[in-house]
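Enquirer: Pasting a structure here, questions to come.
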Amino acid sequence: MAGGLAGGARELDETEDTDSAGHGAPPAPPRGGPARQPIPLTPRPSLGGPASRARDAGPPRRDVSTAAPPPASLASPALGGDGSIMASMQKRLQKELLALQNDPPPGMTLNEKSVQNSITQWIVDMEGAPGTLYEGEKFQLLFKFSSRYPFDSPQVMFTGENIPVHPHVYSNGHICLSILTEDWSPALSVQSVCLSIISMLSSCKEKRRPPDNSFYVRTCNKNPKKTKWWYHDDTC
């Protein structure tokens, strides 16, 4: 789930350098004068091993193929100014709000009171799916949206008195789920997040907290997006 950008330095080929510098046949003499003798070139001494030659070649070159600009359909509308960004965010949230009201995921219901004063903060009421460890249990999910939504992922966490006991849910409500951070895409939505959380709970085989729960809850930022998550299995 996680990826990294790797760069590498091209190794110098001294044989190419010396061949191209004139260690082959001597040049033809100019008309009307004696032939000029080639000046032997002394190869630059290496400090030893491929690493040294790479160091002599200069700093690693960035792989521009991995730094290509995003497609126009996914690019942020920053050029339109703050007003354009806010209008885009509000239009998207209005559309998703209507979809969640009319066609909510199984066991999910929008808390209508939560959106009366602000469209940028929602509470979704959730009930554990039948046949799972959480059957009949009731939870609440808090969604907070920045002005850059959907290009910036929402802040999502469990809230209220009942936080599900799950290997990827901390007792303060923070959720270890990759689509909330590095795997987020503007093509995803509130419904996508709700379905992923339902799936995460429904596939749980044992009710338990993450092993580092106590330390994390004491030291973490209140915003779960500030955490540098380490996604070490496919259930995260």
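FYI, nothing fancy with the structure tokens labels: chains A, B, ... in order, residues from 1 per chain, ligands from 1 as they appear.
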Might you pull out every residue within 9 Å of Glu206 in chain A, with only C-alpha atoms counted and same-chain residues fewer than 5 positions away left off, and present them as a list in words?
Expert: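 So, after excluding close chain neighbours, the residues are Leu133, Val165, His166 and Pro167 of chain A.
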Enquirer: Go ahead and dump the residues you just picked, all heavy atoms, as a compact mmCIF listing (two decimals), in the first residue's frame.
Expert:
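The resulting selection.txt:
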```txt
# COMPACT_ATOMS: atom_id res chain seq x y z
N LEU A 133 -19.26 -9.56 14.54
CA LEU A 133 -18.98 -9.35 15.97
C LEU A 133 -19.66 -8.09 16.51
O LEU A 133 -19.80 -7.94 17.72
CB LEU A 133 -17.47 -9.26 16.19
CG LEU A 133 -16.64 -10.52 15.89
CD1 LEU A 133 -15.16 -10.24 16.15
CD2 LEU A 133 -17.12 -11.69 16.74
N VAL A 165 -14.37 -1.79 19.43
CA VAL A 165 -13.11 -2.44 19.80
C VAL A 165 -12.65 -3.25 18.59
O VAL A 165 -13.26 -4.27 18.25
CB VAL A 165 -13.29 -3.34 21.04
CG1 VAL A 165 -11.98 -4.03 21.39
CG2 VAL A 165 -13.81 -2.53 22.21
N HIS A 166 -11.58 -2.77 17.96
CA HIS A 166 -11.11 -3.36 16.70
C HIS A 166 -9.61 -3.17 16.61
O HIS A 166 -9.08 -2.16 17.10
CB HIS A 166 -11.82 -2.68 15.51
CG HIS A 166 -11.53 -3.30 14.19
ND1 HIS A 166 -10.37 -3.04 13.48
CD2 HIS A 166 -12.26 -4.14 13.42
CE1 HIS A 166 -10.40 -3.73 12.35
NE2 HIS A 166 -11.54 -4.40 12.28
N PRO A 167 -8.88 -4.12 15.99
CA PRO A 167 -7.42 -4.00 15.89
C PRO A 167 -6.93 -2.74 15.18
O PRO A 167 -5.76 -2.38 15.34
CB PRO A 167 -7.02 -5.26 15.10
CG PRO A 167 -8.11 -6.24 15.34
CD PRO A 167 -9.36 -5.42 15.47
```
Enquirer: Please determine, counting only C-alpha atoms, which residue among A:Tyr216, A:Tyr134, A:Trp230, A:Phe158 has the shortest atom-to-atom distance to Cys194 in chain A.
Expert: A:Phe158
Enquirer: Applying 12 Å and only C-alpha atoms, which residues near Leu177 in chain A remain after dropping the ones on its own chain fewer than 3 positions away? List them as a VMD selection string.
Expert: chain A and resid 1 153 155 to 157 167 to 170 174 180 to 184 193 to 201 224 to 225 227 to 236
